[in-house]
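Q: Right, I'll just put the structure down here and ask away after.
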Amino acid sequence: MPGPSNTVLPAPHSDPTLNAQSGLPLPLGVHSREGGLNFAVFSRNANTVWLELYDDEADAVPVHRFELIPVRHRTGDIWHIWVDGLEPGQLYGYRADGPYAPQEGHRFNPDKLLIDPYATAVTHLDTWDFEDALGYDPDASVRDRSRSTTSNTETTPKCVVTRRRTGWERTRPLRHDWSETIIYELHVRGFTEHPSADVDHPGTYRGLIERIPYLKDLGVTAVELMPVQEFNEHELSRVNPHTGEPLRNYWGYNPAAFMAPNGSYAHDGQCGEQVCEFREMVQAFHEADIEVFLDVVFNHTAEGNELGPTFSWRGLDNRIYYLLDEDARFYKDYTGTGNTLKADHPVVRDLILDALRYWVVEMRVDGFRFDLASVLGRDEDGRLLADPPLLDRIANDPVLRDTKMVAEAWDAAGAYQVGAFHDRWSEWNGRFRDDVRRFWRGDAGMLGDFASRIAGSSDLYGNAEKGPDSSVNYVTSHDGFTLNDLVSYERKHNCPNGEFNRDGTEANHSRNYGVEGPTDDPEIEAVRTRQVKNFLLTLLLSHGVPMLLGGDEFRRTQFGNNNAYCQDNETGWWIWDRQEEHAEIHRFVRELIAARKAYSPLQHSGFYSDETLRWVGPEGKPPKWDEPEARAVGCYLPAEESLAVLLLFNAGTEVTAFELPALRDNRKWAQKADTAQPSPDDIHPVGEAPPVAPQDHYTAAARSSVVLIA
């Protein structure tokens, strides 16, 4: 095996007298101790590790460098040092030397400053340069086999020591029951970046605080934030082919530090201020009785494949952190991003668990949605394990026991585990999304699948350990069409992403109802509006946990782009002018959420039984489950105390009459909602539903949903 590089690093530009001792190996990361700071970092295969201290985020030379000597500063695979007199706010980074032998899986390069995997904040540079961070010489004939000698110190972030346990974390977590949870998915910047958001701090955690009253009024009980783990927004090198504008890593599904909140979302600064502002945001949401979930990425990192940059894990111990092919020069890619984190390794498992605990204990986060969670259940050979150690540890971790866990139960290597994920977890129910879309599009043979979805998907979650709370129901999410675009486009329109429209899914199950994209045709618009309401009613009144894509409540559009990951512009932002333009949709959503909270049959615990749910077919007959052309069904939730609910769905193009169940005790059916009615008669406030006439049947218009209460 090739030895270390014997690189001579430039001397620090000053040499202050700092008292340093060997320090402690645990806990990993940086922690205050006895008037100084203790630093600890893992590397099994490094020969030498240096800790460097900096005064400024753009400094090319440290103010002090400590060489960690194995005999004094290494315990097992942990390198550690304690330095007197240092305080939170200190900037630092690591270097590691060892073999540069890509064919054996080693990519050590001491010319690259490295981010601590346990960093809780990093400086956020607009000059974070991709090419400077390459660990190999890009001009060499076989590029990644030749080590780069270019320094990245000026153009890569430094780690920031942050203050922990400030006292506010003693506030009680909300811990809403799953049956009470209504999730709103949003992007921190996109939610308030546009001037129409009318906030003082656009695109930031504080801007999000300013819009909490809107979310409170809407009625949601949790927000799910797209990635806030630090990422490099400037890693893309493409431009929009239509406008020439640079494209950015807008969504952030490429983490650079698992425990650090994204600095570009902070208003006051990016040298630790982002931690304070994130905490302020969480506290403000909790004061409004709204939980905070994070969309977290632990399946891969932003270091990419063998031609990607070196800024953290790769430079500290490539063989430990990543799944490598038999030819260890190459990476196994089960994520579609170039690399896959080795989640089955004990060191990596500990890192992920420590990151989750940090977000819960220090930042008071209430839940997580795990991107491509199936990857976390693969072993070193890529096989899906029956009892994955990491998933089991997360499920049974005593600190995380009351934290809500949601899996995206699939990956880019073919795993699709919806309904079969770990018992402790809830799941994004992709079957709900697809079956509901296909039913309302009018596809044949969807009646039975649609009924299963609205009743809680017992066919997927009916085992002894799961229930309807395991199903996070959604029709749209960040990944795919918005709800407006689902009824306005039959094809994706992703050319502005600069990938020749090859990115994004083809399985949209969408329809445009006459013309592709926006239209002034009132008949087409009427059908689209009705279909939007049908989707929203189905989502918000189905059994399970509803998740609303932010902006769908006022028909936010991405102009047919179903993969707006790089669109940090009006394609990806919330344009709040549309709230006024589509006020009837906004009102419809708000009243649906109020109804879900008010009507006890819609909050039934556990799966429905024959006594608590009865299926109703047209004309008083049983539903035609085996009839491919059947497109109408009713769901009767009999009286529970004083209230009964009847949901009628007609996805056909003809009117359909339903015989109404007979009522006792002189009660009468009243119309809560009918998506075929013009606003405001499409939905009535709780307590104001007018009686229907006649009382023995109800005629559902084509492509309509009806809610009757007794």
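By order of appearance in the structure tokens: chains A, B, ..., then residues from 1 within every chain, and ligands from 1 in the order shown.
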Check stretch 186-401 of chain A with DSSP on the backbone and list each residue it calls helix (DSSP H, G or I), as a ChimeraX atom specification.

A: /A:188-192,195-197,205-210,212-218,263-265,273-287,313-321,346-361,373-377,389-396

Q: Can you pull out every residue within 12 Å of A:Leu460, counting only C-alpha atoms, but drop anything in the same chain fewer than 2 positions away, and send it as a VMD selection string?

A: chain A and resid 417 to 421 423 426 to 432 449 452 to 453 455 to 458 462 to 471 544 607

Q: Give me, as a tab-separated table, each residue of stretch 153-271 of chain A that comes within 10 Å of stretch 499-515 of chain A, together with its shortest interatomic pair and the distance in Å at one decimal, counting only C-alpha atoms, with rows ordered by chain and rising residue number.

A:
residue	atom	partner	partner_atom	distance
A:Arg238	CA	A:Glu499	CA	9.0
A:Asn240	CA	A:Glu499	CA	9.5
A:Pro241	CA	A:Phe500	CA	9.2

Q: Can you write out as CSV which residues of stretch 269-306 of chain A fall within 12 Å of stretch 331-343 of chain A, alongside each residue's closest atom pair and its distance in Å to one decimal, counting only C-alpha atoms and ordering rows by chain and ascending residue number?

A:
residue,atom,partner,partner_atom,distance
A:Val297,CA,A:Leu341,CA,10.1
A:Phe298,CA,A:Leu341,CA,7.1
A:Asn299,CA,A:Leu341,CA,5.3
A:His300,CA,A:Thr340,CA,4.7
A:Thr301,CA,A:Asn339,CA,7.1
A:Ala302,CA,A:Thr337,CA,8.2
A:Glu303,CA,A:Asn339,CA,7.7
A:Gly304,CA,A:Gly338,CA,4.7
A:Asn305,CA,A:Gly338,CA,4.3
A:Glu306,CA,A:Tyr331,CA,6.9

Q: Deliver the residues from the most recent selection as a file, using C-alpha atoms, as an mmCIF file, in the first residue's frame.

A:
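Result written to out.cif:
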data_model
loop_
_atom_site.group_PDB
_atom_site.id
_atom_site.type_symbol
_atom_site.label_atom_id
_atom_site.label_comp_id
_atom_site.auth_asym_id
_atom_site.auth_seq_id
_atom_site.Cartn_x
_atom_site.Cartn_y
_atom_site.Cartn_z
ATOM 1 C CA VAL A 297 -30.528 12.877 3.806
ATOM 2 C CA PHE A 298 -28.345 10.137 5.287
ATOM 3 C CA ASN A 299 -28.146 7.871 2.247
ATOM 4 C CA HIS A 300 -25.454 9.796 0.348
ATOM 5 C CA THR A 301 -23.341 12.958 0.524
ATOM 6 C CA ALA A 302 -22.381 15.819 -1.756
ATOM 7 C CA GLU A 303 -18.942 14.290 -2.405
ATOM 8 C CA GLY A 304 -20.409 12.334 -5.330
ATOM 9 C CA ASN A 305 -18.608 9.608 -7.284
ATOM 10 C CA GLU A 306 -14.892 9.114 -7.928
#

Q: One decimal, in Å: what's the spacing between atom CA of A:Pro227 and atom CA of A:Asp295?

A: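 For atom CA of A:Pro227 relative to atom CA of A:Asp295, the distance reads 5.2 Å.
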
Q: Ranking A:Asp177, A:Asp144, A:Glu581, A:Glu287 by minimum distance to A:Lys404 and counting only C-alpha atoms, which one comes first?

A: A:Asp177

Q: Leaving out stretch 480-494 of chain A and any residue of its chain fewer than 4 positions from it, which residues lie within 7 Å of it when counting only C-alpha atoms, given as JSON, numbers by chain?

A: {"A": [476, 501, 510, 511, 512, 516, 517, 518, 528, 532, 552, 555, 556, 557, 558, 559, 560, 561, 562, 563]}

Q: Using only C-alpha atoms, determine which residues lie at most 12 Å from A:His267, disregarding the query and same-chain residues fewer than 4 positions distant; provide the list as an NGL selection string.

A: :A and (189 or 200-208 or 262-263 or 271-278 or 280-281)

Q: May I have a table of the residues of stretch 250-353 of chain A lying at most 12 Å from stretch 40-54 of chain A, giving each one's closest pair of atoms and their distance in Å to one decimal, counting only C-alpha atoms, ordered by chain and ascending residue number, as CSV?

A:
residue,atom,partner,partner_atom,distance
A:Cys271,CA,A:Tyr54,CA,12.0
A:Ser312,CA,A:Val41,CA,11.1
A:Trp313,CA,A:Ser43,CA,9.3
A:Arg314,CA,A:Ser43,CA,10.5
A:Gly315,CA,A:Ala46,CA,9.1
A:Leu316,CA,A:Ser43,CA,5.7
A:Asp317,CA,A:Ser43,CA,5.6
A:Asn318,CA,A:Asn45,CA,9.0
A:Arg319,CA,A:Asn45,CA,8.6
A:Ile320,CA,A:Arg44,CA,8.1
A:Tyr321,CA,A:Ser43,CA,10.0
A:Val347,CA,A:Phe42,CA,8.5
A:Val348,CA,A:Phe42,CA,10.4
A:Asp350,CA,A:Phe42,CA,11.3
A:Leu351,CA,A:Phe42,CA,10.2

Q: May I ask which of the residues A:Pro110, A:Gly190, A:Pro117, A:Pro246 is the closest one to A:Glu230, counting only C-alpha atoms?

A: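 Checking each of A:Pro110, A:Gly190, A:Pro117, A:Pro246 against A:Glu230, counting only C-alpha atoms, the winner is A:Pro117.
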
Q: List as a compact mmCIF listing (two decimals) with N, CA, C and O atoms, in the first residue's frame the protein and nucleic acid residues near stretch 647-664 of chain A, meaning an atom at most 10 Å away when only C-alpha atoms are counted, but skip any in the same chain fewer than 2 places from it.

A:
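Produced file part23.txt, reproduced below:
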# COMPACT_ATOMS: atom_id res chain seq x y z
N ARG A 438 -54.72 8.10 -10.31
CA ARG A 438 -55.28 7.31 -11.41
C ARG A 438 -56.80 7.22 -11.31
O ARG A 438 -57.49 7.24 -12.34
N PHE A 439 -57.33 7.14 -10.09
CA PHE A 439 -58.78 7.10 -9.94
C PHE A 439 -59.41 8.38 -10.47
O PHE A 439 -60.36 8.34 -11.27
N TRP A 440 -58.90 9.53 -10.05
CA TRP A 440 -59.51 10.79 -10.48
C TRP A 440 -59.20 11.11 -11.94
O TRP A 440 -59.93 11.88 -12.57
N ARG A 441 -58.16 10.53 -12.49
CA ARG A 441 -57.92 10.68 -13.93
C ARG A 441 -58.95 9.89 -14.73
O ARG A 441 -59.14 10.15 -15.93
N GLY A 442 -59.60 8.92 -14.09
CA GLY A 442 -60.62 8.12 -14.76
C GLY A 442 -60.11 6.80 -15.28
O GLY A 442 -60.78 6.16 -16.10
N ASP A 443 -58.94 6.35 -14.79
CA ASP A 443 -58.41 5.07 -15.25
C ASP A 443 -59.36 3.93 -14.86
O ASP A 443 -60.02 3.97 -13.81
N LEU A 447 -61.33 1.22 -8.69
CA LEU A 447 -62.28 1.44 -7.59
C LEU A 447 -61.81 0.80 -6.29
O LEU A 447 -61.82 1.43 -5.22
N PHE A 450 -58.67 2.51 -4.85
CA PHE A 450 -59.02 3.82 -4.31
C PHE A 450 -59.69 3.67 -2.94
O PHE A 450 -59.36 4.40 -1.99
N ALA A 451 -60.60 2.72 -2.83
CA ALA A 451 -61.28 2.50 -1.56
C ALA A 451 -60.28 2.10 -0.47
O ALA A 451 -60.38 2.56 0.68
N GLN A 531 -61.28 19.26 -10.20
CA GLN A 531 -60.36 18.16 -9.93
C GLN A 531 -59.39 18.50 -8.80
O GLN A 531 -59.06 17.63 -7.98
N ASN A 534 -61.28 17.88 -5.78
CA ASN A 534 -61.45 16.43 -5.54
C ASN A 534 -60.21 15.83 -4.90
O ASN A 534 -60.29 15.03 -3.96
N LEU A 537 -59.95 17.15 -1.22
CA LEU A 537 -60.93 16.52 -0.33
C LEU A 537 -60.53 15.07 -0.04
O LEU A 537 -60.59 14.62 1.11
N THR A 538 -60.12 14.35 -1.07
CA THR A 538 -59.70 12.96 -0.87
C THR A 538 -58.53 12.89 0.10
O THR A 538 -58.51 12.07 1.03
N LEU A 541 -59.51 14.10 3.92
CA LEU A 541 -60.53 13.36 4.66
C LEU A 541 -60.28 11.86 4.65
O LEU A 541 -61.08 11.10 5.21
N SER A 542 -59.21 11.40 4.04
CA SER A 542 -58.89 9.97 4.06
C SER A 542 -58.31 9.57 5.41
O SER A 542 -57.74 10.39 6.14
N TRP A 615 -69.42 0.42 2.79
CA TRP A 615 -69.25 0.90 1.42
C TRP A 615 -70.62 0.98 0.75
O TRP A 615 -71.47 0.10 0.91
N VAL A 616 -70.81 2.05 -0.02
CA VAL A 616 -72.09 2.32 -0.68
C VAL A 616 -71.85 2.45 -2.17
O VAL A 616 -70.94 3.17 -2.61
N GLY A 617 -72.65 1.77 -2.97
CA GLY A 617 -72.58 1.89 -4.41
C GLY A 617 -73.70 2.75 -4.96
O GLY A 617 -74.63 3.12 -4.24
N PRO A 618 -73.65 3.13 -6.22
CA PRO A 618 -74.73 3.91 -6.84
C PRO A 618 -76.05 3.17 -6.80
O PRO A 618 -76.11 1.94 -6.81
N GLU A 619 -77.14 3.95 -6.74
CA GLU A 619 -78.50 3.41 -6.80
C GLU A 619 -78.79 2.42 -5.69
O GLU A 619 -79.62 1.52 -5.84
N GLY A 620 -78.15 2.55 -4.56
CA GLY A 620 -78.42 1.68 -3.44
C GLY A 620 -77.88 0.28 -3.56
O GLY A 620 -78.21 -0.59 -2.75
N LYS A 621 -77.04 0.04 -4.54
CA LYS A 621 -76.47 -1.29 -4.75
C LYS A 621 -75.05 -1.35 -4.19
O LYS A 621 -74.41 -0.32 -3.99
N GLU A 629 -65.05 -0.61 -15.33
CA GLU A 629 -65.55 0.71 -15.68
C GLU A 629 -66.25 1.41 -14.52
O GLU A 629 -66.75 2.53 -14.69
N ALA A 630 -66.33 0.78 -13.35
CA ALA A 630 -66.95 1.41 -12.19
C ALA A 630 -66.06 2.52 -11.66
O ALA A 630 -64.87 2.31 -11.41
N ARG A 631 -66.65 3.69 -11.49
CA ARG A 631 -65.86 4.86 -11.07
C ARG A 631 -66.55 5.66 -9.97
O ARG A 631 -66.23 6.83 -9.77
N ALA A 632 -67.51 5.04 -9.27
CA ALA A 632 -68.23 5.76 -8.21
C ALA A 632 -68.35 4.87 -6.99
O ALA A 632 -68.64 3.68 -7.10
N VAL A 633 -68.14 5.45 -5.81
CA VAL A 633 -68.24 4.70 -4.57
C VAL A 633 -68.54 5.67 -3.43
O VAL A 633 -68.15 6.85 -3.47
N GLY A 634 -69.26 5.15 -2.42
CA GLY A 634 -69.52 5.94 -1.24
C GLY A 634 -68.93 5.27 -0.02
O GLY A 634 -68.83 4.04 0.07
N CYS A 635 -68.52 6.07 0.95
CA CYS A 635 -67.93 5.59 2.20
C CYS A 635 -68.77 6.13 3.34
O CYS A 635 -68.75 7.33 3.62
N TYR A 636 -69.52 5.24 4.00
CA TYR A 636 -70.44 5.64 5.06
C TYR A 636 -69.83 5.33 6.42
O TYR A 636 -69.52 4.17 6.72
N LEU A 637 -69.62 6.36 7.21
CA LEU A 637 -69.11 6.24 8.57
C LEU A 637 -70.28 6.49 9.50
O LEU A 637 -70.65 7.64 9.75
N PRO A 638 -70.91 5.42 10.00
CA PRO A 638 -72.15 5.57 10.76
C PRO A 638 -72.00 6.42 12.02
O PRO A 638 -70.88 6.77 12.43
N ALA A 639 -73.15 6.72 12.59
CA ALA A 639 -73.20 7.65 13.72
C ALA A 639 -72.27 7.22 14.84
O ALA A 639 -72.31 6.10 15.31
N ALA A 644 -72.70 11.35 11.97
CA ALA A 644 -72.38 10.37 10.93
C ALA A 644 -71.87 11.12 9.72
O ALA A 644 -72.25 12.27 9.47
N VAL A 645 -70.99 10.49 8.95
CA VAL A 645 -70.39 11.12 7.78
C VAL A 645 -70.54 10.19 6.59
O VAL A 645 -70.33 8.96 6.71
N ASN A 666 -84.95 11.22 13.92
CA ASN A 666 -85.32 12.46 13.23
C ASN A 666 -84.12 13.27 12.74
O ASN A 666 -84.22 14.46 12.48
N ARG A 667 -82.98 12.61 12.60
CA ARG A 667 -81.82 13.32 12.06
C ARG A 667 -81.95 13.44 10.55
O ARG A 667 -82.64 12.67 9.90
N LYS A 668 -81.25 14.43 10.00
CA LYS A 668 -81.31 14.68 8.56
C LYS A 668 -79.90 14.82 8.00
O LYS A 668 -78.97 15.26 8.68
N TRP A 669 -79.79 14.44 6.74
CA TRP A 669 -78.53 14.63 6.03
C TRP A 669 -78.37 16.10 5.67
O TRP A 669 -79.31 16.76 5.27
N LYS A 672 -72.19 19.10 3.62
CA LYS A 672 -70.98 19.78 4.08
C LYS A 672 -70.18 20.30 2.89
O LYS A 672 -69.70 21.43 2.89
N ALA A 673 -70.02 19.46 1.86
CA ALA A 673 -69.20 19.86 0.71
C ALA A 673 -69.69 19.17 -0.54
O ALA A 673 -70.21 18.04 -0.49
N ASP A 674 -69.54 19.84 -1.65
CA ASP A 674 -69.83 19.28 -2.98
C ASP A 674 -68.95 20.02 -3.96
O ASP A 674 -69.15 21.21 -4.23
N PRO A 694 -83.99 15.85 -1.95
CA PRO A 694 -84.67 14.99 -0.95
C PRO A 694 -83.66 14.32 -0.03
O PRO A 694 -82.46 14.40 -0.26
N GLN A 695 -84.18 13.62 0.97
CA GLN A 695 -83.35 12.97 1.97
C GLN A 695 -83.05 11.51 1.64
O GLN A 695 -82.34 10.86 2.38
N ASP A 696 -83.60 11.00 0.54
CA ASP A 696 -83.42 9.57 0.26
C ASP A 696 -82.33 9.29 -0.76
O ASP A 696 -81.87 8.16 -0.88
N HIS A 697 -81.91 10.32 -1.53
CA HIS A 697 -80.82 10.08 -2.48
C HIS A 697 -80.09 11.40 -2.75
O HIS A 697 -80.60 12.49 -2.47
N TYR A 698 -78.88 11.26 -3.31
CA TYR A 698 -78.09 12.44 -3.67
C TYR A 698 -77.44 12.16 -5.01
O TYR A 698 -76.86 11.09 -5.22
N THR A 699 -77.54 13.12 -5.91
CA THR A 699 -76.97 12.97 -7.24
C THR A 699 -75.62 13.66 -7.30
O THR A 699 -75.53 14.89 -7.14
N ALA A 700 -74.58 12.87 -7.49
CA ALA A 700 -73.22 13.41 -7.59
C ALA A 700 -72.91 13.72 -9.03
O ALA A 700 -73.06 12.88 -9.92
N ALA A 701 -72.50 14.94 -9.29
CA ALA A 701 -72.17 15.36 -10.65
C ALA A 701 -70.93 14.61 -11.14
O ALA A 701 -70.21 13.97 -10.37
N ALA A 702 -70.69 14.69 -12.43
CA ALA A 702 -69.49 14.09 -13.01
C ALA A 702 -68.25 14.69 -12.36
O ALA A 702 -68.20 15.88 -12.06
N ARG A 703 -67.26 13.84 -12.12
CA ARG A 703 -65.99 14.27 -11.51
C ARG A 703 -66.24 15.14 -10.29
O ARG A 703 -65.85 16.30 -10.23
N SER A 704 -66.88 14.56 -9.30
CA SER A 704 -67.18 15.34 -8.10
C SER A 704 -67.03 14.50 -6.85
O SER A 704 -67.09 13.27 -6.89
N SER A 705 -66.83 15.20 -5.73
CA SER A 705 -66.81 14.60 -4.39
C SER A 705 -67.85 15.30 -3.55
O SER A 705 -68.08 16.51 -3.69
N VAL A 706 -68.47 14.53 -2.66
CA VAL A 706 -69.53 15.07 -1.81
C VAL A 706 -69.27 14.62 -0.38
O VAL A 706 -68.87 13.47 -0.14
N VAL A 707 -69.51 15.51 0.57
CA VAL A 707 -69.47 15.16 1.98
C VAL A 707 -70.82 15.52 2.58
O VAL A 707 -71.23 16.69 2.56
N LEU A 708 -71.53 14.52 3.10
CA LEU A 708 -72.78 14.73 3.81
C LEU A 708 -72.57 14.35 5.27
O LEU A 708 -71.85 13.40 5.58
N ILE A 709 -73.20 15.10 6.17
CA ILE A 709 -73.13 14.78 7.59
C ILE A 709 -74.53 14.69 8.15
O ILE A 709 -75.47 15.30 7.64
N ALA A 710 -74.68 13.91 9.19
CA ALA A 710 -75.96 13.78 9.87
C ALA A 710 -75.72 13.98 11.36
O ALA A 710 -74.92 13.26 11.95

Q: Here is a test: counting only C-alpha atoms, which residue of A:Asn109, A:Asn473, A:Ser679, A:Asn19 is nearest to A:Ser146?

A: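 Once distances to A:Ser146 are computed over only C-alpha atoms, the minimum belongs to A:Asn109.
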
Q: Counting only C-alpha atoms, which of A:Arg145, A:His422, A:Arg530, A:His31 gets nearest to A:Leu376?

A: A:His422
